[in-house]
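Structure data (compact mmCIF, C-alpha atoms) from target.txt:
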```txt
# COMPACT_ATOMS: atom_id res chain seq x y z
CA MET A 1 -42.61 -6.12 53.88
CA SER A 2 -43.26 -9.81 54.38
CA LEU A 3 -40.48 -12.32 54.14
CA GLY A 4 -42.11 -13.81 51.02
CA THR A 5 -41.92 -10.53 49.01
CA ALA A 6 -38.32 -10.01 50.07
CA ILE A 7 -37.34 -13.44 48.75
CA THR A 8 -39.15 -12.88 45.43
CA MET A 9 -37.40 -9.53 45.02
CA LYS A 10 -34.06 -11.06 45.78
CA ARG A 11 -34.68 -13.81 43.28
CA SER A 12 -35.69 -11.45 40.55
CA PHE A 13 -32.59 -9.36 41.28
CA TRP A 14 -30.36 -12.38 40.86
CA ALA A 15 -32.25 -13.50 37.76
CA ARG A 16 -31.71 -10.06 36.26
CA ALA A 17 -28.07 -10.01 37.25
CA THR A 18 -27.59 -13.41 35.62
CA ILE A 19 -29.18 -12.25 32.40
CA PHE A 20 -27.12 -9.06 32.45
CA GLY A 21 -23.99 -11.13 33.10
CA LEU A 22 -24.80 -13.38 30.19
CA PHE A 23 -25.23 -10.41 27.88
CA LEU A 24 -22.02 -8.83 29.13
CA SER A 25 -19.99 -12.01 28.80
CA ALA A 26 -21.39 -12.66 25.31
CA GLY A 27 -20.46 -9.11 24.30
CA CYS A 28 -16.94 -9.21 25.71
CA LEU A 29 -16.19 -12.69 24.44
CA GLY A 30 -17.59 -11.81 21.00
CA VAL A 31 -15.48 -8.67 20.71
CA LEU A 32 -12.37 -10.56 21.83
CA ILE A 33 -12.93 -13.38 19.35
CA GLY A 34 -13.65 -10.89 16.57
CA LEU A 35 -10.45 -8.93 17.24
CA PHE A 36 -8.41 -12.10 17.56
CA VAL A 37 -9.66 -13.45 14.22
CA THR A 38 -8.90 -10.06 12.63
CA PHE A 39 -5.40 -10.05 14.06
CA VAL A 40 -4.66 -13.59 12.83
CA GLU A 41 -6.08 -12.71 9.42
CA VAL A 42 -3.99 -9.57 8.89
CA GLU A 43 -0.89 -11.17 10.37
CA HIS A 44 -0.95 -14.38 8.37
CA GLY A 45 -3.58 -13.99 5.67
CA LYS A 46 -3.01 -12.78 2.14
CA GLY A 47 -6.40 -11.47 1.12
CA PHE A 48 -8.45 -12.43 -1.88
CA ALA A 49 -6.57 -10.16 -4.27
CA ALA A 50 -3.20 -11.81 -3.62
CA MET A 51 -1.60 -13.65 -6.53
CA GLU A 52 0.97 -16.35 -5.98
CA ALA A 53 3.69 -17.17 -8.47
CA GLY A 54 6.49 -19.40 -7.24
CA PRO A 55 8.13 -17.66 -4.27
CA TRP A 56 6.35 -14.39 -5.07
CA THR A 57 3.13 -13.06 -3.62
CA GLY A 58 1.74 -10.09 -5.47
CA TRP A 59 -1.02 -7.57 -5.17
CA PRO A 60 -2.54 -5.67 -8.07
CA ARG A 61 -2.46 -1.91 -8.13
CA SER A 62 -5.42 -0.66 -6.25
CA GLU A 63 -7.64 2.25 -6.91
CA ALA A 64 -10.55 3.27 -4.72
CA SER A 65 -12.67 0.21 -4.24
CA ASP A 66 -11.34 -2.35 -6.68
CA ILE A 67 -9.53 -4.32 -3.99
CA ASP A 68 -11.34 -6.40 -1.37
CA PRO A 69 -11.48 -5.17 2.24
CA TYR A 70 -9.34 -8.07 3.45
CA SER A 71 -6.49 -7.33 1.06
CA ARG A 72 -6.78 -3.64 1.87
CA ALA A 73 -6.60 -4.31 5.63
CA ILE A 74 -3.68 -6.73 5.25
CA LEU A 75 -1.72 -4.32 3.07
CA ALA A 76 -2.42 -1.40 5.38
CA TYR A 77 -1.40 -3.41 8.43
CA SER A 78 1.89 -4.48 6.90
CA GLY A 79 2.50 -1.01 5.49
CA LYS A 80 3.64 -2.71 2.29
CA ARG A 81 2.28 -0.23 -0.15
CA THR A 82 1.55 2.96 1.68
CA LEU A 83 3.11 5.19 -0.94
CA SER A 84 3.25 3.06 -4.06
CA GLU A 85 -0.04 1.20 -4.14
CA SER A 86 -1.45 2.88 -7.19
CA ASP A 87 1.82 3.15 -9.13
CA ALA A 88 3.18 -0.33 -9.23
CA MET A 89 2.15 -3.91 -9.25
CA SER A 90 4.29 -5.33 -6.45
CA PHE A 91 5.49 -8.78 -5.49
CA VAL A 92 7.14 -9.84 -2.26
CA ALA A 93 9.32 -12.93 -1.68
CA HIS A 94 10.19 -14.18 1.79
CA GLY A 95 12.03 -17.25 0.61
CA ASP A 96 13.56 -19.10 -2.34
CA SER A 97 11.83 -21.13 -5.05
CA ASP A 98 12.08 -24.27 -2.91
CA GLY A 99 9.98 -22.62 -0.25
CA ALA A 100 12.79 -22.20 2.31
CA GLU A 101 13.00 -18.86 4.08
CA PHE A 102 15.89 -16.59 3.05
CA ASP A 103 19.07 -17.10 5.06
CA PRO A 104 21.52 -14.18 4.78
CA ALA A 105 24.44 -16.57 5.30
CA CYS A 106 23.70 -18.05 1.87
CA ASP A 107 24.05 -16.78 -1.67
CA TYR A 108 20.95 -16.58 -3.84
CA VAL A 109 20.58 -16.14 -7.57
CA LEU A 110 17.53 -14.46 -9.05
CA LYS A 111 17.19 -15.47 -12.69
CA GLY A 112 14.88 -16.43 -15.48
CA GLU A 113 12.06 -14.63 -17.19
CA ILE A 114 10.52 -11.45 -15.98
CA PRO A 115 7.15 -10.03 -17.06
CA SER A 116 7.44 -7.10 -19.41
CA ALA A 117 7.02 -3.64 -17.97
CA ARG A 118 8.17 -0.15 -18.86
CA TYR A 119 10.34 -0.25 -15.76
CA TRP A 120 10.72 -2.64 -12.90
CA THR A 121 12.72 -2.43 -9.69
CA LEU A 122 14.02 -5.02 -7.26
CA THR A 123 14.55 -3.95 -3.65
CA LEU A 124 16.13 -5.70 -0.67
CA LEU A 125 14.39 -4.86 2.59
CA SER A 126 14.14 -6.08 6.15
CA PRO A 127 10.87 -7.91 6.87
CA ALA A 128 9.60 -4.68 8.48
CA GLY A 129 10.22 -2.83 5.23
CA ASP A 130 13.35 -0.88 6.13
CA LEU A 131 16.39 -0.52 3.91
CA ILE A 132 19.46 -2.52 4.91
CA ALA A 133 22.82 -0.80 5.24
CA ASN A 134 25.74 -2.20 3.25
CA PRO A 135 29.17 -0.90 2.27
CA ALA A 136 28.30 -0.81 -1.44
CA ASP A 137 25.28 1.41 -0.67
CA ARG A 138 23.07 -0.56 -3.05
CA GLN A 139 19.58 -1.50 -1.97
CA GLY A 140 18.29 -2.78 -5.25
CA PHE A 141 18.30 -2.64 -9.03
CA THR A 142 16.17 -0.94 -11.63
CA SER A 143 15.59 -2.63 -14.95
CA SER A 144 17.82 -0.01 -16.60
CA GLU A 145 20.80 -0.57 -14.32
CA LEU A 146 21.01 -4.27 -14.90
CA LEU A 147 23.88 -5.81 -16.79
CA ARG A 148 22.44 -8.41 -19.14
CA ALA A 149 24.18 -11.51 -20.36
CA ASN A 150 24.73 -11.88 -24.10
CA ASP A 151 21.62 -14.01 -24.41
CA GLY A 152 19.58 -11.33 -22.65
CA GLN A 153 19.07 -13.50 -19.60
CA LEU A 154 18.58 -11.83 -16.28
CA GLU A 155 20.78 -12.83 -13.36
CA ILE A 156 21.20 -11.08 -10.01
CA THR A 157 23.34 -12.54 -7.22
CA LEU A 158 22.43 -11.85 -3.62
CA SER A 159 25.33 -12.31 -1.25
CA ARG A 160 27.12 -10.82 1.74
CA HIS A 161 30.33 -10.87 -0.26
CA ALA A 162 31.12 -9.05 -3.49
CA ARG A 163 30.16 -11.05 -6.57
CA PRO A 164 30.79 -10.37 -10.27
CA GLY A 165 27.93 -9.18 -12.44
CA ASN A 166 24.78 -7.89 -10.80
CA TRP A 167 25.55 -8.07 -7.10
CA LEU A 168 22.92 -7.18 -4.55
CA PRO A 169 24.74 -6.99 -1.18
CA LEU A 170 22.94 -8.50 1.81
CA GLY A 171 24.84 -6.38 4.31
CA ARG A 172 24.58 -7.43 7.93
CA ALA A 173 20.87 -8.17 7.82
CA SER A 174 19.67 -11.03 10.00
CA LYS A 175 16.58 -11.46 7.84
CA PHE A 176 15.59 -10.02 4.51
CA ILE A 177 12.83 -10.01 1.92
CA LEU A 178 12.73 -9.02 -1.75
CA VAL A 179 10.24 -6.69 -3.38
CA LEU A 180 9.74 -6.64 -7.13
CA ARG A 181 7.76 -3.72 -8.51
CA PHE A 182 6.46 -3.32 -12.05
CA TYR A 183 5.72 0.16 -13.31
CA ASP A 184 3.41 0.70 -16.28
CA SER A 185 3.10 -2.97 -16.99
CA GLU A 186 0.33 -5.05 -18.47
CA LEU A 187 0.32 -6.91 -15.18
CA SER A 188 -1.41 -3.89 -13.72
CA ALA A 189 -4.71 -5.22 -14.99
CA PRO A 190 -6.33 -6.82 -11.94
CA ALA A 191 -7.47 -9.75 -14.01
CA ALA A 192 -4.00 -10.48 -15.39
CA ALA A 193 -3.45 -14.15 -14.98
CA LEU A 194 -0.08 -14.83 -13.54
CA ASP A 195 2.08 -17.74 -14.37
CA ALA A 196 4.97 -18.71 -12.12
CA ALA A 197 6.92 -19.60 -15.24
CA HIS A 198 7.07 -15.92 -16.18
CA MET A 199 8.37 -14.76 -12.84
CA PRO A 200 12.06 -15.03 -11.97
CA VAL A 201 13.15 -17.97 -9.83
CA LEU A 202 15.25 -17.66 -6.68
CA VAL A 203 17.90 -20.36 -6.38
CA LYS A 204 19.89 -20.93 -3.21
CA GLY A 205 23.63 -21.16 -3.67
CA ARG A 206 26.53 -21.80 -1.32
CA CYS A 207 26.13 -21.03 2.37
CA GLU A 208 28.80 -19.78 4.75
CA MET B 1 -36.09 -23.99 33.89
CA ASN B 2 -35.92 -27.49 32.56
CA ARG B 3 -33.10 -28.97 30.57
CA ILE B 4 -34.37 -27.99 27.13
CA ASP B 5 -34.72 -24.40 28.26
CA ARG B 6 -31.16 -24.41 29.52
CA ALA B 7 -29.85 -25.93 26.30
CA LEU B 8 -31.73 -23.38 24.21
CA ALA B 9 -30.38 -20.56 26.33
CA ALA B 10 -26.85 -21.89 25.92
CA ILE B 11 -27.24 -22.17 22.15
CA LEU B 12 -28.63 -18.65 21.98
CA TRP B 13 -25.72 -17.39 24.04
CA VAL B 14 -23.17 -19.06 21.75
CA LEU B 15 -24.94 -17.69 18.69
CA SER B 16 -24.90 -14.18 20.09
CA VAL B 17 -21.18 -14.50 20.88
CA LEU B 18 -20.56 -15.56 17.28
CA ALA B 19 -22.70 -12.75 15.91
CA ILE B 20 -20.86 -10.16 17.98
CA ALA B 21 -17.50 -11.69 16.98
CA GLY B 22 -18.54 -11.49 13.33
CA ILE B 23 -19.62 -7.86 13.59
CA THR B 24 -16.43 -6.92 15.45
CA HIS B 25 -14.31 -8.65 12.82
CA ILE B 26 -16.04 -6.89 9.92
CA VAL B 27 -15.84 -3.48 11.60
CA ALA B 28 -12.16 -4.04 12.46
CA ILE B 29 -11.27 -5.10 8.91
CA PHE B 30 -12.93 -2.00 7.46
CA ALA B 31 -11.52 0.36 10.07
CA LEU B 32 -7.97 -0.96 9.97
CA PRO B 33 -6.72 0.77 6.79
CA GLU B 34 -7.77 4.19 8.11
CA VAL B 35 -6.33 3.59 11.56
CA GLU B 36 -3.06 2.24 10.19
CA ALA B 37 -2.76 4.95 7.58
CA LYS B 38 -3.33 7.81 9.97
CA ASP B 39 0.17 7.83 11.42
CA THR B 40 1.97 7.74 8.09
CA TYR B 41 -0.26 10.20 6.32
CA SER B 42 -0.43 12.69 9.15
CA ARG B 43 3.38 12.63 9.22
CA ILE B 44 3.50 13.19 5.46
CA ALA B 45 0.81 15.86 5.52
CA GLU B 46 2.82 17.88 8.04
CA LEU B 47 5.53 18.36 5.44
CA SER B 48 3.52 20.70 3.30
CA LYS B 49 0.60 23.11 3.05
CA PRO B 50 -2.28 22.88 0.56
CA GLY B 51 -1.25 24.05 -2.87
CA GLN B 52 2.43 23.52 -2.19
CA ALA B 53 4.49 20.52 -3.15
CA ALA B 54 7.19 19.15 -0.86
CA VAL B 55 9.74 16.47 -1.67
CA LEU B 56 9.58 13.57 0.78
CA PRO B 57 12.81 12.85 2.65
CA GLN B 58 14.82 10.04 1.21
CA SER B 59 14.58 6.84 3.26
CA SER B 60 17.97 5.43 4.16
CA PRO B 61 19.08 2.48 6.31
CA ASP B 62 19.80 4.69 9.32
CA LYS B 63 16.94 7.12 8.73
CA PRO B 64 13.82 5.22 7.66
CA PHE B 65 11.00 7.57 6.75
CA VAL B 66 8.21 5.29 5.56
CA PRO B 67 8.55 1.50 5.31
CA PHE B 68 8.45 -0.35 2.00
CA VAL B 69 9.53 2.56 -0.17
CA ASP B 70 11.14 2.00 -3.51
CA PRO B 71 14.60 3.55 -3.11
CA ALA B 72 14.71 4.22 -6.85
CA MET B 73 11.72 6.58 -6.58
CA VAL B 74 11.85 10.23 -5.64
CA GLN B 75 8.47 11.23 -4.25
CA SER B 76 6.77 14.46 -3.39
CA ILE B 77 3.46 15.26 -1.79
CA CYS B 78 1.02 17.97 -2.65
CA PRO B 79 -1.86 18.30 -0.17
CA PHE B 80 -5.12 19.93 -1.19
CA ASP B 81 -8.04 21.51 0.59
CA LEU B 82 -10.81 22.11 -1.93
CA SER B 83 -12.67 24.51 0.36
CA GLU B 84 -10.11 27.10 -0.75
CA GLY B 85 -10.55 26.28 -4.44
CA GLY B 86 -9.63 23.45 -6.76
CA LEU B 87 -6.12 22.07 -7.08
CA ARG B 88 -4.30 22.30 -10.39
CA VAL B 89 -1.47 19.88 -11.05
CA HIS B 90 0.64 20.79 -14.03
CA ALA B 91 3.62 18.88 -15.35
CA ASP B 92 5.76 19.06 -18.47
CA VAL B 93 6.64 15.52 -19.35
CA GLU B 94 9.87 14.28 -20.87
CA ALA B 95 9.67 11.18 -22.95
CA GLU B 96 10.84 7.94 -21.36
CA SER B 97 11.04 9.31 -17.83
CA LEU B 98 8.60 7.65 -15.50
CA LEU B 99 6.47 10.10 -13.56
CA THR B 100 3.40 8.92 -11.67
CA PHE B 101 0.56 10.68 -9.92
CA SER B 102 -1.56 9.16 -7.18
CA PHE B 103 -4.62 11.14 -6.07
CA ARG B 104 -5.75 10.27 -2.57
CA THR B 105 -8.19 11.16 0.17
CA SER B 106 -6.79 12.30 3.52
CA ALA B 107 -6.95 8.70 4.77
CA GLY B 108 -4.76 7.63 1.86
CA GLN B 109 -7.46 5.97 -0.24
CA VAL B 110 -6.50 6.25 -3.91
CA PHE B 111 -9.24 7.77 -6.06
CA TYR B 112 -7.27 8.26 -9.26
CA SER B 113 -3.84 7.45 -10.55
CA MET B 114 -2.00 8.11 -13.77
CA SER B 115 1.47 8.09 -15.24
CA ASP B 116 3.23 10.36 -17.72
CA LEU B 117 1.95 8.08 -20.53
CA ALA B 118 -1.37 9.93 -20.18
CA ALA B 119 0.24 13.25 -21.15
CA GLN B 120 -1.13 15.15 -24.11
CA GLN B 121 1.38 17.13 -26.19
CA GLY B 122 3.95 16.65 -23.47
CA LYS B 123 1.77 18.20 -20.79
CA ILE B 124 -0.31 16.94 -17.91
CA ASP B 125 -3.00 19.24 -16.56
CA VAL B 126 -5.25 17.85 -13.88
CA VAL B 127 -7.72 19.87 -11.84
CA VAL B 128 -9.13 18.31 -8.67
CA LEU B 129 -12.54 19.76 -7.87
CA THR B 130 -15.63 19.36 -5.74
CA PRO B 131 -18.86 18.63 -7.66
CA ALA B 132 -19.95 22.28 -7.16
CA GLN B 133 -16.64 23.61 -8.51
CA LEU B 134 -16.93 21.29 -11.49
CA GLU B 135 -20.33 22.79 -12.34
CA ILE B 136 -18.88 26.30 -12.24
CA ALA B 137 -15.90 25.25 -14.35
CA GLU B 138 -18.19 23.64 -16.91
CA ALA B 139 -20.47 26.66 -17.02
CA ASN B 140 -17.44 28.85 -17.73
CA ASP B 141 -16.19 26.63 -20.54
CA ASP B 142 -15.74 28.17 -23.95
CA GLU B 143 -17.54 25.88 -26.36
CA ASP B 144 -15.24 26.70 -29.28
CA ASP B 145 -12.10 26.20 -27.28
CA PRO B 146 -12.77 23.40 -24.79
CA SER B 147 -10.46 23.07 -21.85
CA GLN B 148 -7.72 20.45 -22.13
CA ASP B 149 -7.74 19.86 -18.39
CA LEU B 150 -8.51 16.51 -16.90
CA ARG B 151 -11.13 17.27 -14.28
CA LEU B 152 -11.32 14.97 -11.30
CA ILE B 153 -14.00 14.99 -8.66
CA ALA B 154 -12.51 14.33 -5.23
CA PRO B 155 -14.64 12.22 -2.89
CA GLU B 156 -13.57 14.45 0.03
CA THR B 157 -12.54 18.08 0.24
CA LYS B 158 -9.18 17.24 1.79
CA GLY B 159 -6.56 14.92 0.42
CA PHE B 160 -3.22 14.86 -1.30
CA VAL B 161 -1.40 13.92 -4.45
CA ILE B 162 1.74 11.81 -4.38
CA ILE B 163 4.06 12.50 -7.30
CA SER B 164 6.84 9.98 -7.96
CA ALA B 165 9.70 10.00 -10.42
CA LEU B 166 11.93 7.04 -11.09
CA ALA B 167 15.68 7.45 -11.05
CA ALA B 168 16.47 4.73 -13.58
CA TYR B 169 20.14 4.91 -12.50
CA GLN B 170 21.47 5.81 -9.08
CA SER B 171 23.30 8.69 -10.74
CA GLU B 172 19.99 10.10 -11.98
CA ARG B 173 18.61 10.83 -8.54
CA ALA B 174 19.20 14.56 -8.70
CA GLU B 175 17.58 14.69 -12.12
CA ALA B 176 14.57 12.70 -10.85
CA GLU B 177 14.26 15.11 -7.95
CA GLU B 178 14.24 18.00 -10.42
CA ARG B 179 11.48 16.27 -12.36
CA VAL B 180 9.37 15.87 -9.23
CA LYS B 181 10.02 19.47 -8.21
CA SER B 182 9.02 20.76 -11.62
CA VAL B 183 5.46 19.53 -11.09
CA ALA B 184 3.43 22.56 -10.12
CA CYS B 185 0.60 22.38 -7.60
CA THR B 186 -1.49 25.53 -7.41
CA VAL B 187 -4.82 26.48 -5.92
CA GLU B 188 -7.23 27.15 -8.74
CA GLN B 189 -9.46 30.18 -8.21
CA THR B 190 -12.72 29.34 -9.90
CA ALA B 191 -14.48 32.37 -11.33
CA GLN B 192 -17.67 32.88 -9.41
CA ASP B 193 -19.71 34.73 -12.04
```
Just give me the structure as structure tokens.
Amino acid sequence: MSLGTAITMKRSFWARATIFGLFLSAGCLGVLIGLFVTFVEVEHGKGFAAMEAGPWTGWPRSEASDIDPYSRAILAYSGKRTLSESDAMSFVAHGDSDGAEFDPACDYVLKGEIPSARYWTLTLLSPAGDLIANPADRQGFTSSELLRANDGQLEITLSRHARPGNWLPLGRASKFILVLRFYDSELSAPAAALDAAHMPVLVKGRCE
Amino acid sequence: MNRIDRALAAILWVLSVLAIAGITHIVAIFALPEVEAKDTYSRIAELSKPGQAAVLPQSSPDKPFVPFVDPAMVQSICPFDLSEGGLRVHADVEAESLLTFSFRTSAGQVFYSMSDLAAQQGKIDVVVLTPAQLEIAEANDDEDDPSQDLRLIAPETKGFVIISALAAYQSERAEAEERVKSVACTVEQTAQD
């Protein structure tokens, strides 16, 4: 083997290695970027099916394929509707009507109009979706349980301390969210236009 | 290689990175629901055998079972395996008591859902079938006395039904549990003649 052939072979080996390296790096980097974008999207995104109304973000009931893949992935990742996705139209609130995140040291009042449904339920949960212990052993209200004012207005007080009327105890939670579910409601129609005026508002009250 | 060649190679490399990132993202978004659902649904599926309904344990602050449950709902699961025959779901419905049915594939994808409002003469009769079983059932139909069953074709042979009853008041929990338990799930033996 002459020196010349050896050098050509070496060169072609390095040329091949470079090309292989380029392919490998493109593949790895591409997969990493793709996974990162997916993670950011499911962690912070809302999906195309999400509906916003004041502090509430809602998702229509979903059957088979009538919900986009993004919404489906986001809902699956958060575990928000594992068992109830086809039964109820659900809305989640992470903060009050002014856009501030819930602070369990404060009182909140949920009031105003509520879309009509055969039944609806309001549930207090930790951001991970677990129930929060409290001495009154109440984690939420159903539309039937609610005490209504004489004018039919809805008013629920969220507080760590006992309050008259409809009191939803906050317990010792460090963070909480609210979930509003509508069963057999006209809202179930995916196309139902949603108006923030018809959803209850969440007003911050006194803080400790 | 001159400069233009190098620039073209670099652009091609960036494009291929983006293409791979795009493909990964799309695959991940589509795969995520199944991957995420697996844990929950395999845990639920362990509670019961095909053709047998089991009430799901009640989630409580110290014993969470599944996240984001509605504590006002009592739920049961009824798995099915259509290779052993269709699944018949029968319920007697009381007026004004919310009872919902969610028909799902083993990965949790909903293929049909209904509430007690769909009952006819106070009864709900749903039969989940494979396309072949549906043909047999239709061939066996009596033309003068058509079946009142709602026949559903399942996209997969295995899956489950989630039955939920609302306890409108906390004191009605036991009653809601009775309502869920009264829903009968049975394996339907289709006549082979």
Using only C-alpha atoms and a cut-off of 6 Å, which residues of chain B sit close to chain A? Please list them as an mmCIF file with C-alpha atoms, in the frame of the given file.
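Contents of result.cif, freshly written:
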```
data_model
loop_
_atom_site.group_PDB
_atom_site.id
_atom_site.type_symbol
_atom_site.label_atom_id
_atom_site.label_comp_id
_atom_site.auth_asym_id
_atom_site.auth_seq_id
_atom_site.Cartn_x
_atom_site.Cartn_y
_atom_site.Cartn_z
ATOM 1 C CA VAL B 17 -21.180 -14.500 20.880
ATOM 2 C CA ILE B 20 -20.860 -10.160 17.980
ATOM 3 C CA ALA B 21 -17.500 -11.690 16.980
ATOM 4 C CA GLY B 22 -18.540 -11.490 13.330
ATOM 5 C CA THR B 24 -16.430 -6.920 15.450
ATOM 6 C CA HIS B 25 -14.310 -8.650 12.820
ATOM 7 C CA ILE B 29 -11.270 -5.100 8.910
ATOM 8 C CA LEU B 32 -7.970 -0.960 9.970
ATOM 9 C CA PRO B 33 -6.720 0.770 6.790
ATOM 10 C CA PRO B 61 19.080 2.480 6.310
ATOM 11 C CA PRO B 67 8.550 1.500 5.310
ATOM 12 C CA PHE B 68 8.450 -0.350 2.000
ATOM 13 C CA VAL B 110 -6.500 6.250 -3.910
ATOM 14 C CA PHE B 111 -9.240 7.770 -6.060
ATOM 15 C CA ALA B 168 16.470 4.730 -13.580
ATOM 16 C CA TYR B 169 20.140 4.910 -12.500
#
```
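Of note, atom CA of B:Phe80 and atom CA of B:Gly51 are spaced 5.9 Å apart.
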Go ahead and compute the interatomic distance for atom CA of B:Pro64 and atom CA of A:Val92, in Å to one decimal.
19.2 Å
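Taking all atoms listed in the file, the non-local environment of B:Leu56 within 7 Å (same-chain residues fewer than 4 positions away omitted) comprises Gln75, Ser76 and Ile77 of chain B.
You can rank A:Gly171, A:Gly205, A:Pro164, A:Pro135 by their closest distance to A:Tyr108 using only C-alpha atoms, and at the top of that list sits A:Gly205.
In this model, the gap between atom CA of B:Lys158 and atom CA of B:Met73 comes to 24.9 Å.
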Spatial neighbours of B:Lys49, max dist 12 Å, all atoms listed in the file, sep filter under 6 positions, as a tab-separated table (two decimals) with C-alpha atoms, in the frame of the given file:
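Wrote it out as selection35.tsv, contents follow:
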```tsv
chain	number	residue	atom	x	y	z
B	77	ILE	CA	3.46	15.26	-1.79
B	78	CYS	CA	1.02	17.97	-2.65
B	79	PRO	CA	-1.86	18.30	-0.17
B	80	PHE	CA	-5.12	19.93	-1.19
B	81	ASP	CA	-8.04	21.51	0.59
B	158	LYS	CA	-9.18	17.24	1.79
B	159	GLY	CA	-6.56	14.92	0.42
B	160	PHE	CA	-3.22	14.86	-1.30
B	185	CYS	CA	0.60	22.38	-7.60
B	186	THR	CA	-1.49	25.53	-7.41
B	187	VAL	CA	-4.82	26.48	-5.92
```
Return as lines of an AutoDock Vina configuration file the centre and edge lengths, in Å with one decimal, of the box along x, y and z that encloses every atom of stretch 184-189 of chain B in the file, padded by 8 Å per side.
```
center_x = -3.0
center_y = 26.3
center_z = -8.0
size_x = 28.9
size_y = 23.8
size_z = 20.2
```
Using only C-alpha atoms, which protein or nucleic acid residues come within 8 Å of B:Leu98? Drop anything in the same chain fewer than 3 positions from it, and give the result as a ChimeraX atom specification.
/B:115-116,165-166
Polymer residues at most 10 Å from (12.4, 10.4, 2.5) by only C-alpha atoms, as a PyMOL selection string:
chain B and resi 44+55-60+63-66+69+71+73-76
Skipping near chain neighbours, those fewer than 5 positions away, what residues fall within 6 Å of A:Ile156 using all atoms listed in the file, listed as a PyMOL selection string?
chain A and resi 109-110+166
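Closest approach to B:Thr105 among B:Thr157, B:Ser182, B:Ser48, B:Thr40 is made by B:Thr157 (distances from only C-alpha atoms).
Comparing the minimum interatomic distances between A:Leu168 and each of A:Gly45, A:Pro60, A:Pro104, A:Gly54, counting all atoms listed in the file, we find that A:Pro104 sits nearest.
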